[in-house]
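Source file: upload.txt; contents: compact mmCIF, C-alpha atoms.
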```txt
# COMPACT_ATOMS: atom_id res chain seq x y z
CA MET A 845 125.09 80.31 79.58
CA ASP A 846 122.06 82.12 78.14
CA ASP A 847 122.45 80.66 74.64
CA LYS A 848 122.66 77.19 76.14
CA ALA A 849 119.53 77.88 78.19
CA ARG A 850 117.64 78.87 75.07
CA SER A 851 118.77 75.90 73.02
CA SER A 852 117.75 73.54 75.83
CA LEU A 853 114.18 74.65 75.16
CA GLY A 854 114.55 74.07 71.45
CA CYS A 855 114.52 77.79 70.60
CA THR A 856 116.48 79.82 68.12
CA GLU A 857 116.31 83.51 67.34
CA GLY A 858 112.77 84.36 66.26
CA VAL A 859 111.37 80.82 66.35
CA CYS A 860 110.55 78.38 69.14
CA VAL A 861 110.24 74.86 67.76
CA LEU A 862 109.35 73.20 71.08
CA ARG A 863 105.70 72.25 71.34
CA MET A 864 105.00 74.58 74.25
CA SER A 865 101.30 73.63 74.23
CA ASP A 866 102.35 70.27 75.70
CA GLU A 867 103.78 72.03 78.76
CA LEU A 868 101.89 73.36 81.77
CA TRP A 869 103.92 75.79 83.84
CA ASP A 870 103.18 76.72 87.43
CA VAL A 871 104.20 80.30 86.68
CA VAL A 872 105.08 82.22 83.54
CA VAL A 873 106.75 85.62 83.82
CA ILE A 874 106.41 87.95 80.84
CA GLY A 875 109.36 90.32 80.79
CA SER A 876 113.01 89.60 81.55
CA GLY A 877 114.07 93.01 82.81
CA ILE A 878 115.03 93.46 86.43
CA ILE A 879 111.47 93.13 87.78
CA GLY A 880 110.67 90.03 85.75
CA SER A 881 114.05 88.46 86.54
CA CYS A 882 113.62 89.03 90.28
CA ALA A 883 110.08 87.64 90.17
CA ALA A 884 111.24 84.56 88.24
CA PHE A 885 114.08 84.04 90.74
CA HIS A 886 111.69 84.09 93.70
CA SER A 887 109.26 81.83 91.86
CA VAL A 888 111.80 79.03 91.39
CA LYS A 889 113.09 79.55 94.94
CA ASN A 890 109.52 78.80 96.05
CA GLY A 891 109.63 75.49 94.18
CA LEU A 892 107.42 76.61 91.31
CA ARG A 893 108.08 75.37 87.79
CA THR A 894 108.74 78.67 86.10
CA LEU A 895 109.20 79.94 82.55
CA LYS A 896 110.49 83.46 81.88
CA ILE A 897 109.99 84.90 78.40
CA ASP A 898 110.87 88.09 76.58
CA GLN A 899 110.32 89.47 73.09
CA ALA A 900 113.97 90.60 72.88
CA CYS A 901 117.36 89.11 73.72
CA LEU A 902 118.42 90.58 77.07
CA PHE A 903 121.25 88.19 77.85
CA SER A 904 123.91 87.93 75.18
CA GLU A 905 127.62 87.25 75.37
CA HIS A 906 128.40 90.96 75.07
CA SER A 907 125.66 92.85 76.94
CA PHE A 908 122.68 92.61 79.27
CA GLY A 909 119.38 94.41 78.85
CA HIS A 910 118.09 96.00 75.67
CA ARG A 911 117.87 99.59 74.56
CA LYS A 912 114.12 99.52 74.06
CA GLY A 913 113.46 98.63 77.70
CA SER A 914 114.32 99.99 81.14
CA SER A 915 116.92 97.54 82.43
CA HIS A 916 120.01 98.31 80.35
CA GLY A 917 123.04 100.27 81.53
CA LYS A 918 125.54 99.95 84.35
CA SER A 919 124.13 102.12 87.12
CA ARG A 920 121.04 103.05 89.12
CA ILE A 921 120.49 104.67 92.54
CA ILE A 922 119.64 102.85 95.76
CA ARG A 923 118.62 104.71 98.90
CA TYR A 924 116.67 104.54 102.12
CA ALA A 925 115.58 108.18 101.76
CA HIS A 926 112.04 108.46 100.41
CA SER A 927 109.36 111.07 100.75
CA ASN A 928 106.78 108.33 101.42
CA PRO A 929 107.47 105.85 104.24
CA ALA A 930 105.76 102.99 102.34
CA TRP A 931 108.94 102.50 100.30
CA ILE A 932 111.33 102.17 103.25
CA PRO A 933 110.61 98.54 104.36
CA ILE A 934 110.62 97.49 100.70
CA VAL A 935 114.06 99.00 100.17
CA LYS A 936 115.25 97.44 103.44
CA ASP A 937 114.29 94.01 102.10
CA THR A 938 116.20 94.76 98.89
CA TYR A 939 119.36 95.68 100.84
CA GLU A 940 119.09 92.38 102.74
CA GLN A 941 118.55 90.33 99.60
CA ILE A 942 121.51 91.95 97.85
CA ALA A 943 123.76 91.29 100.87
CA GLU A 944 122.77 87.61 100.73
CA LEU A 945 123.33 87.47 96.97
CA GLU A 946 126.75 89.13 97.23
CA LYS A 947 127.79 86.56 99.81
CA ALA A 948 126.46 83.63 97.79
CA ARG A 949 128.04 84.77 94.51
CA GLY A 950 131.23 86.30 95.90
CA GLU A 951 130.85 89.53 93.95
CA LYS A 952 130.11 93.18 94.66
CA LEU A 953 126.68 94.30 93.45
CA TRP A 954 126.56 97.89 94.68
CA ILE A 955 128.84 100.74 95.78
CA ASN A 956 128.07 102.62 98.99
CA THR A 957 128.64 106.27 98.00
CA GLY A 958 126.00 107.90 100.16
CA LEU A 959 123.08 109.88 98.75
CA LEU A 960 122.68 113.67 98.78
CA TRP A 961 119.09 114.85 98.26
CA MET A 962 118.85 118.62 97.75
CA GLY A 963 115.93 121.01 97.77
CA SER A 964 114.32 123.83 99.72
CA GLU A 965 114.59 123.99 103.50
CA GLN A 966 110.92 123.09 103.91
CA TYR A 967 111.17 120.13 101.54
CA VAL A 968 114.37 118.72 103.04
CA ASN A 969 113.16 119.09 106.63
CA LYS A 970 109.96 117.22 105.75
CA LEU A 971 111.98 114.50 104.06
CA GLY A 972 114.22 114.24 107.12
CA LYS A 973 111.24 113.80 109.41
CA THR A 974 109.81 111.04 107.21
CA ILE A 975 112.93 108.91 107.20
CA GLY A 976 113.83 109.84 110.77
CA ASP A 977 110.45 108.53 111.96
CA ALA A 978 111.26 105.31 110.12
CA GLY A 979 114.54 104.99 112.03
CA CYS A 980 116.85 105.79 109.12
CA THR A 981 120.18 107.46 109.86
CA HIS A 982 120.67 110.76 108.04
CA GLU A 983 122.14 114.26 108.23
CA ILE A 984 120.63 117.62 107.31
CA LEU A 985 123.19 119.93 105.67
CA ASP A 986 123.00 123.64 104.90
CA HIS A 987 124.43 125.02 101.66
CA GLU A 988 127.84 125.78 103.19
CA GLN A 989 128.16 122.24 104.54
CA ILE A 990 127.14 120.82 101.15
CA ASN A 991 129.71 122.88 99.26
CA LYS A 992 132.48 122.12 101.75
CA ARG A 993 131.90 118.38 101.77
CA PHE A 994 131.43 118.15 97.99
CA PRO A 995 133.70 120.70 96.24
CA LEU A 996 131.99 120.29 92.87
CA PHE A 997 129.01 122.25 94.16
CA THR A 998 128.37 125.97 94.76
CA TYR A 999 124.78 126.06 96.00
CA ASP A 1000 123.45 129.22 97.61
CA GLN A 1001 121.60 129.80 100.88
CA GLN A 1002 118.20 128.73 99.43
CA TRP A 1003 119.37 125.12 99.35
CA LYS A 1004 119.55 122.42 101.99
CA GLY A 1005 120.48 118.78 101.64
CA LEU A 1006 119.67 115.47 103.25
CA TYR A 1007 122.54 113.01 103.36
CA ASP A 1008 121.62 109.32 103.46
CA PRO A 1009 124.79 107.34 104.33
CA LYS A 1010 123.29 104.11 103.00
CA GLY A 1011 122.67 105.49 99.53
CA GLY A 1012 124.76 104.29 96.64
CA VAL A 1013 125.19 103.01 93.11
CA ILE A 1014 123.45 99.85 91.97
CA LEU A 1015 125.68 97.97 89.54
CA ALA A 1016 122.65 97.47 87.35
CA ASP A 1017 123.97 95.11 84.71
CA LYS A 1018 125.42 92.89 87.45
CA TRP A 1019 122.09 92.80 89.28
CA LEU A 1020 120.27 91.80 86.11
CA TRP A 1021 122.73 89.03 85.31
CA ALA A 1022 122.92 87.79 88.91
CA PHE A 1023 119.16 87.28 89.26
CA HIS A 1024 118.90 85.75 85.79
CA ASN A 1025 121.82 83.41 86.44
CA GLU A 1026 120.49 82.32 89.85
CA PHE A 1027 117.13 81.67 88.21
CA LEU A 1028 118.78 79.31 85.72
CA VAL A 1029 120.90 77.64 88.41
CA ASN A 1030 117.68 76.89 90.31
CA LYS A 1031 116.22 75.07 87.28
CA GLY A 1032 114.28 77.96 85.80
CA SER A 1033 113.55 77.99 82.06
CA TYR A 1034 113.98 80.96 79.76
CA ILE A 1035 113.03 81.82 76.19
CA ASP A 1036 113.74 85.05 74.36
CA TRP A 1037 112.53 86.36 70.98
CA ILE A 1038 108.96 85.38 71.90
CA LYS A 1039 106.45 88.24 71.70
CA ILE A 1040 103.15 87.46 73.37
CA THR A 1041 100.25 88.80 71.30
CA LYS A 1042 97.29 87.64 73.39
CA ILE A 1043 96.57 86.56 76.96
CA GLU A 1044 93.65 84.12 77.05
CA GLN A 1045 92.27 83.97 80.58
CA GLY A 1046 90.73 80.91 82.22
CA ASP A 1047 91.44 78.30 84.87
CA ILE A 1048 94.48 77.61 82.70
CA ILE A 1049 95.99 80.75 81.16
CA THR A 1050 97.01 80.47 77.52
CA LEU A 1051 99.57 82.81 75.97
CA HIS A 1052 99.59 83.21 72.21
CA SER A 1053 102.47 84.45 70.08
CA LYS A 1054 103.36 84.66 66.42
CA TYR A 1055 106.30 82.26 66.34
CA SER A 1056 105.57 79.58 68.91
CA GLU A 1057 102.97 77.12 70.06
CA PRO A 1058 100.64 78.46 72.76
CA ILE A 1059 102.17 78.61 76.24
CA ARG A 1060 99.99 77.35 79.10
CA CYS A 1061 100.32 78.20 82.77
CA LYS A 1062 98.47 78.22 86.07
CA LYS A 1063 99.72 81.64 87.14
CA LEU A 1064 101.00 84.65 85.22
CA ILE A 1065 103.14 87.64 86.21
CA VAL A 1066 103.19 90.52 83.72
CA ALA A 1067 106.32 92.65 84.10
CA ALA A 1068 106.47 94.03 80.58
CA GLY A 1069 107.27 97.69 81.18
CA SER A 1070 106.05 100.00 78.44
CA TRP A 1071 104.46 97.08 76.54
CA VAL A 1072 101.81 96.42 79.21
CA ASN A 1073 99.07 98.17 77.22
CA GLU A 1074 99.71 95.93 74.23
CA LEU A 1075 99.58 92.78 76.37
CA VAL A 1076 96.40 93.72 78.20
CA PRO A 1077 94.33 95.58 75.57
CA SER A 1078 91.56 96.61 77.95
CA LEU A 1079 94.09 98.77 79.76
CA ASN A 1080 94.79 100.61 76.55
CA VAL A 1081 91.24 101.95 76.45
CA LYS A 1082 90.51 102.55 80.11
CA SER A 1083 93.87 103.65 81.41
CA LYS A 1084 95.67 105.31 78.51
CA LYS A 1085 95.82 108.53 80.52
CA ILE A 1086 97.12 106.69 83.57
CA ILE A 1087 99.94 104.62 82.10
CA GLN A 1088 102.43 107.11 80.71
CA ASN A 1089 105.53 105.94 78.87
CA VAL A 1090 108.38 108.41 79.07
CA ALA A 1091 111.71 108.36 77.20
CA LEU A 1092 114.45 110.07 79.20
CA SER A 1093 117.52 111.81 77.86
CA VAL A 1094 120.27 110.58 80.17
CA CYS A 1095 123.21 112.94 79.83
CA TYR A 1096 126.89 112.42 80.67
CA TRP A 1097 129.23 115.31 81.54
CA LYS A 1098 132.97 115.66 82.16
CA PRO A 1099 134.92 118.07 84.36
CA LYS A 1100 136.49 121.07 82.66
CA GLU A 1101 139.96 120.12 83.85
CA GLU A 1102 141.69 116.77 84.20
CA LYS A 1103 142.83 117.62 87.74
CA ASN A 1104 139.20 117.51 88.93
CA MET A 1105 138.56 113.96 87.70
CA PRO A 1106 139.06 112.52 91.24
CA LEU A 1107 136.08 114.58 92.45
CA ILE A 1108 133.66 112.55 90.30
CA LEU A 1109 134.84 109.14 91.47
CA PRO A 1110 132.48 107.08 93.65
CA ASP A 1111 134.69 107.49 96.73
CA LYS A 1112 134.41 111.30 96.49
CA MET A 1113 131.01 111.95 94.97
CA PRO A 1114 127.62 110.71 96.22
CA VAL A 1115 124.64 109.74 94.14
CA PHE A 1116 122.22 112.63 94.26
CA ILE A 1117 118.65 113.75 93.73
CA ILE A 1118 117.72 117.39 93.24
CA ASP A 1119 114.19 118.73 93.71
CA ASP A 1120 114.45 122.24 92.32
CA GLN A 1121 111.47 124.02 93.82
CA PHE A 1122 113.12 127.29 92.76
CA ASP A 1123 112.76 126.46 89.07
CA GLY A 1124 109.38 124.90 88.43
CA GLY A 1125 109.80 121.95 90.79
CA ARG A 1126 111.88 119.98 88.30
CA GLY A 1127 113.71 116.88 89.45
CA TYR A 1128 117.23 115.82 88.55
CA PHE A 1129 119.30 112.75 89.35
CA GLY A 1130 123.00 111.98 89.17
CA ILE A 1131 125.57 109.23 89.60
CA PRO A 1132 129.40 109.39 89.79
CA THR A 1133 131.53 108.08 86.95
CA ILE A 1134 130.42 104.47 86.47
CA ASP A 1135 128.86 104.03 83.04
CA TYR A 1136 131.52 105.83 81.01
CA PRO A 1137 135.06 106.65 82.21
CA GLY A 1138 135.53 110.23 83.31
CA ALA A 1139 131.87 111.27 82.99
CA ILE A 1140 129.05 111.61 85.50
CA LYS A 1141 125.44 110.75 84.77
CA PHE A 1142 123.18 113.78 85.26
CA GLY A 1143 119.71 114.18 83.81
CA GLU A 1144 116.15 115.34 84.35
CA HIS A 1145 113.52 113.09 85.89
CA GLY A 1146 111.19 113.50 82.92
CA GLY A 1147 111.16 113.22 79.15
CA ASP A 1148 109.26 112.63 75.92
CA LEU A 1149 105.95 110.79 76.02
CA PHE A 1150 105.40 107.82 73.73
CA SER A 1151 102.58 105.34 73.27
CA SER A 1152 104.16 101.88 73.13
CA GLY A 1153 107.41 99.98 73.46
CA GLU A 1154 108.94 101.97 70.61
CA GLU A 1155 110.50 105.23 71.75
CA PRO A 1156 109.99 108.51 69.85
CA GLU A 1157 112.24 109.17 66.88
CA ASN A 1158 113.07 112.69 68.05
CA HIS A 1159 113.83 113.80 71.59
CA ASP A 1160 113.06 117.28 72.85
CA LYS A 1161 116.33 119.09 73.45
CA ILE A 1162 114.87 120.83 76.51
CA PHE A 1163 115.61 117.65 78.50
CA VAL A 1164 119.29 118.20 77.78
CA GLU A 1165 119.19 121.97 78.08
CA ARG A 1166 117.66 122.15 81.55
CA PRO A 1167 120.26 119.86 83.18
CA ARG A 1168 122.93 121.82 81.34
CA GLN A 1169 121.66 125.07 82.81
CA HIS A 1170 121.65 123.61 86.32
CA LEU A 1171 125.25 122.47 85.97
CA GLU A 1172 126.28 125.83 84.58
CA LYS A 1173 124.76 127.61 87.58
CA PHE A 1174 125.80 125.36 90.47
CA TRP A 1175 128.62 123.07 89.24
CA PRO A 1176 131.32 125.42 87.92
CA LEU A 1177 134.00 122.73 87.72
CA MET A 1178 131.97 120.69 85.20
CA ASP A 1179 132.00 121.35 81.47
CA SER A 1180 128.38 122.33 80.92
CA GLU A 1181 128.72 123.43 77.31
CA GLU A 1182 127.33 120.14 76.06
CA PRO A 1183 127.16 116.54 77.27
CA THR A 1184 129.77 114.07 76.10
CA ARG A 1185 127.04 111.53 75.47
CA VAL A 1186 123.24 111.22 75.65
CA ASP A 1187 121.60 107.83 76.17
CA HIS A 1188 117.89 107.16 76.34
CA CYS A 1189 116.03 105.18 78.97
CA LYS A 1190 112.37 104.25 79.45
CA TYR A 1191 110.08 105.09 82.33
CA THR A 1192 106.56 103.74 82.69
CA MET A 1193 104.95 106.38 84.84
CA SER A 1194 101.84 106.75 86.96
CA PRO A 1195 100.27 110.10 87.84
CA ASP A 1196 101.19 109.73 91.53
CA ALA A 1197 104.66 108.20 90.92
CA ALA A 1198 103.62 105.03 92.78
CA TYR A 1199 103.83 101.57 91.24
CA LEU A 1200 101.05 99.34 89.99
CA ILE A 1201 101.16 96.00 91.80
CA ASP A 1202 97.85 94.19 91.75
CA TYR A 1203 95.79 91.39 90.32
CA LEU A 1204 94.25 91.86 86.88
CA GLY A 1205 90.71 92.79 87.89
CA ASN A 1206 89.15 89.86 89.74
CA ASN A 1207 91.55 87.30 88.29
CA LYS A 1208 93.78 86.16 91.17
CA ASN A 1209 95.90 84.10 88.77
CA ILE A 1210 97.36 87.14 86.96
CA VAL A 1211 99.48 89.79 88.68
CA LEU A 1212 100.49 93.06 87.03
CA CYS A 1213 103.71 94.79 88.04
CA SER A 1214 104.09 98.00 86.10
CA MET A 1215 104.41 101.82 86.22
CA LEU A 1216 107.66 101.63 88.16
CA SER A 1217 108.17 105.31 87.47
CA GLY A 1218 111.92 105.39 87.21
CA THR A 1219 112.51 104.23 90.79
CA GLY A 1220 111.62 100.55 90.59
CA PHE A 1221 115.07 99.10 89.91
CA LYS A 1222 116.22 99.50 93.52
CA CYS A 1223 113.01 97.84 94.77
CA ALA A 1224 113.02 94.98 92.25
CA PRO A 1225 114.23 92.16 94.55
CA ALA A 1226 111.52 93.00 97.10
CA LEU A 1227 108.87 93.51 94.41
CA GLY A 1228 109.77 90.12 92.95
CA ARG A 1229 109.14 88.55 96.35
CA ILE A 1230 105.82 90.41 96.66
CA VAL A 1231 104.34 89.36 93.31
CA VAL A 1232 105.34 85.71 93.79
CA ASP A 1233 103.58 85.72 97.16
CA MET A 1234 100.54 87.16 95.42
CA VAL A 1235 100.34 84.47 92.72
CA GLN A 1236 100.50 81.91 95.54
CA SER A 1237 97.56 83.69 97.25
CA LYS A 1238 99.78 84.68 100.16
CA GLU A 1239 99.57 88.00 101.92
CA PRO A 1240 102.45 90.22 100.74
CA PRO A 1241 105.11 90.78 103.42
CA PHE A 1242 104.70 94.57 103.16
CA ASP A 1243 101.81 96.99 103.01
CA ILE A 1244 101.29 97.59 99.29
CA SER A 1245 97.96 99.39 99.49
CA ILE A 1246 99.58 102.49 97.97
CA PHE A 1247 100.33 100.44 94.83
CA ARG A 1248 96.87 98.92 94.32
CA ALA A 1249 94.92 99.58 91.12
CA SER A 1250 91.86 100.63 93.12
CA ARG A 1251 93.33 104.13 93.42
CA PHE A 1252 92.55 104.53 89.71
CA ARG A 1253 88.90 103.54 90.20
CA ASP A 1254 87.79 101.18 87.41
CA ALA A 1255 90.70 101.77 85.02
CA PHE A 1256 91.99 98.23 85.47
CA ALA A 1257 88.72 96.41 85.96
CA GLN A 1258 87.98 93.46 83.71
```

In structure tokens, what does this structure look like?
Amino acid sequence: MDDKARSSLGCTEGVCVLRMSDELWDVVVIGSGIIGSCAAFHSVKNGLRTLKIDQACLFSEHSFGHRKGSSHGKSRIIRYAHSNPAWIPIVKDTYEQIAELEKARGEKLWINTGLLWMGSEQYVNKLGKTIGDAGCTHEILDHEQINKRFPLFTYDQQWKGLYDPKGGVILADKWLWAFHNEFLVNKGSYIDWIKITKIEQGDIITLHSKYSEPIRCKKLIVAAGSWVNELVPSLNVKSKKIIQNVALSVCYWKPKEEKNMPLILPDKMPVFIIDDQFDGGRGYFGIPTIDYPGAIKFGEHGGDLFSSGEEPENHDKIFVERPRQHLEKFWPLMDSEEPTRVDHCKYTMSPDAAYLIDYLGNNKNIVLCSMLSGTGFKCAPALGRIVVDMVQSKEPPFDISIFRASRFRDAFAQ
């Protein structure tokens, strides 16, 4: 399907032979990860003639996503529970969109495992109040209730947990393909292997690249992840301390004994978040066995800094060691000697862990969607709706003031 879509535009790997300068698109989306794919989907659903482009091949016969970006892999976490109430209506919209998409496509796109969020009593009680005030169902569990309900764990009396029954596992590769496929079905156009080298602003926006004719559009959505500094060079100077690219070490661990394999299945084990205020405030995340048979995903919410789309050659082993130590201390049934596998994933972080969703300076024809800080996948359908409303000069359906660039003063001014 994807190869056919590319050839219909006259493109082959590395070269686009179509005279793109003869085309004028209503909207171009740079970036074909989950955010760009959701934005492109909403753009065509709004009747806009839309082109989605990427510098890599994300949709091949054998895999979706690419290892240098943030949208590869089989699993992510979805949840209502958030420490800031601004996220809750956005996630609600995502749940509704996914339910509609599941019905339309006749396929399952997520697994409802529940979410367990653990931390100190003060932290968990505050979290419970936040989501309780927003009307979200939840339970507060003490350490004995946690250990009884989930036999993998042996947390002590310092710990409490918040259980969100609507939490679960996003089937990430299926989400990415579903939104891309629906985009094509709705007459969207897609080109890969096109790396944009310059954005020329004006009443008509012109995108320049090495291997194609210029691409012209009325509106532009930039959803380029860790490449955003390269695409918008002024950001590289003014905001290099604000946009932080982080390469995570995502570790996979197996139980010590075969008989405990059922405990890590999605019907027995929740997705989980751990805020360890007792050990430097470090954050961890985990998902039942989805990505690789017989192994859970468990890693630290942090990693090695890097400056562009290319990840560092060497990864600090501390980001494997600290999760290992946590498992050794509180998960005695898991083999914590060493992970069975370590993958690497990209975060584009902001100092306050909130997203960047805003116009590029005073230019209302260009919308930036970046710094999704490791939590953006679950919000992508709603964020796609938001940025398409913005390029149409519509008021976003949710309060996104927390995501505006103004909080960084003049870092994104043009």

Exercise: residues within 12 Å of coordinate (108.3, 112.4, 99.0), counting all atoms listed in the file, as an MDAnalysis selection string: chainID A and resid 924:932 961 963 967:975 1117 1119 1127 1196:1198

Could the residues of range 961-1023 of chain A that have an atom at most 12 Å from range 1217-1229 of chain A be listed as a Markdown table, each with its closest atom pair and the distance in Å to one decimal, counting all atoms listed in the file and ordered by chain and ascending residue number?
```
| residue | atom | partner | partner_atom | distance |
| --- | --- | --- | --- | --- |
| A:Gly1011 | CA | A:Lys1222 | CA | 10.7 |
| A:Gly1012 | CA | A:Lys1222 | CA | 10.3 |
| A:Val1013 | CA | A:Lys1222 | CA | 9.6 |
| A:Ile1014 | CA | A:Lys1222 | CA | 7.4 |
| A:Leu1015 | CA | A:Lys1222 | CA | 10.4 |
| A:Ala1016 | CA | A:Phe1221 | CA | 8.2 |
| A:Asp1017 | CA | A:Phe1221 | CA | 11.1 |
| A:Trp1019 | CA | A:Phe1221 | CA | 9.5 |
| A:Leu1020 | CA | A:Phe1221 | CA | 9.7 |
| A:Ala1022 | CA | A:Pro1225 | CA | 11.2 |
| A:Phe1023 | CA | A:Pro1225 | CA | 8.7 |
```

Residues as selected, C-alpha atoms, written as an mmCIF file, keeping the file's coordinate frame, can you do that?
```
data_model
loop_
_atom_site.group_PDB
_atom_site.id
_atom_site.type_symbol
_atom_site.label_atom_id
_atom_site.label_comp_id
_atom_site.auth_asym_id
_atom_site.auth_seq_id
_atom_site.Cartn_x
_atom_site.Cartn_y
_atom_site.Cartn_z
ATOM 1 C CA GLY A 1011 122.670 105.490 99.530
ATOM 2 C CA GLY A 1012 124.760 104.290 96.640
ATOM 3 C CA VAL A 1013 125.190 103.010 93.110
ATOM 4 C CA ILE A 1014 123.450 99.850 91.970
ATOM 5 C CA LEU A 1015 125.680 97.970 89.540
ATOM 6 C CA ALA A 1016 122.650 97.470 87.350
ATOM 7 C CA ASP A 1017 123.970 95.110 84.710
ATOM 8 C CA TRP A 1019 122.090 92.800 89.280
ATOM 9 C CA LEU A 1020 120.270 91.800 86.110
ATOM 10 C CA ALA A 1022 122.920 87.790 88.910
ATOM 11 C CA PHE A 1023 119.160 87.280 89.260
#
```

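If all atoms listed in the file are the atoms counted, then among A:Cys901, A:Cys980, A:Met1193, A:Ile922 the closest residue to Ile1131 in chain A is A:Ile922.
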
Selection: 12 Å around Asn1158 in chain A, all atoms listed in the file, excl. self and same-chain fewer than 6 positions, as a list in words: Ala1091, Leu1092, Ser1093, Gly1147, Asp1148, Leu1149, Phe1150 and His1188 of chain A

Proximity to Lys896 in chain A - best of A:Ile1134, A:Met1105, A:Leu996, A:Val1066, all atoms listed in the file: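 Counting all atoms listed in the file, the residue closest to Lys896 in chain A is A:Val1066.
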
Selected residue, from A:Asp1233, A:Trp1071, A:Ile1040, A:Thr957, that lies nearest to Ile1108 in chain A when counting all atoms listed in the file: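 With all atoms listed in the file as the atom set, the closest residue is A:Thr957.
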
Pick from A:Leu1204, A:Thr998, A:Lys1062, A:Tyr1136, whichever lies nearest to Lys1173 in chain A using all atoms listed in the file: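 Using all atoms listed in the file, Lys1173 in chain A sits closest to A:Thr998.
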
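Taking CA of Lys1112 in chain A and CA of Glu940 in chain A as the two end points, the separation is 25.1 Å.
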
Length of the CA of Ser1033 in chain A to CA of Arg893 in chain A vector [Å]: 8.3 Å
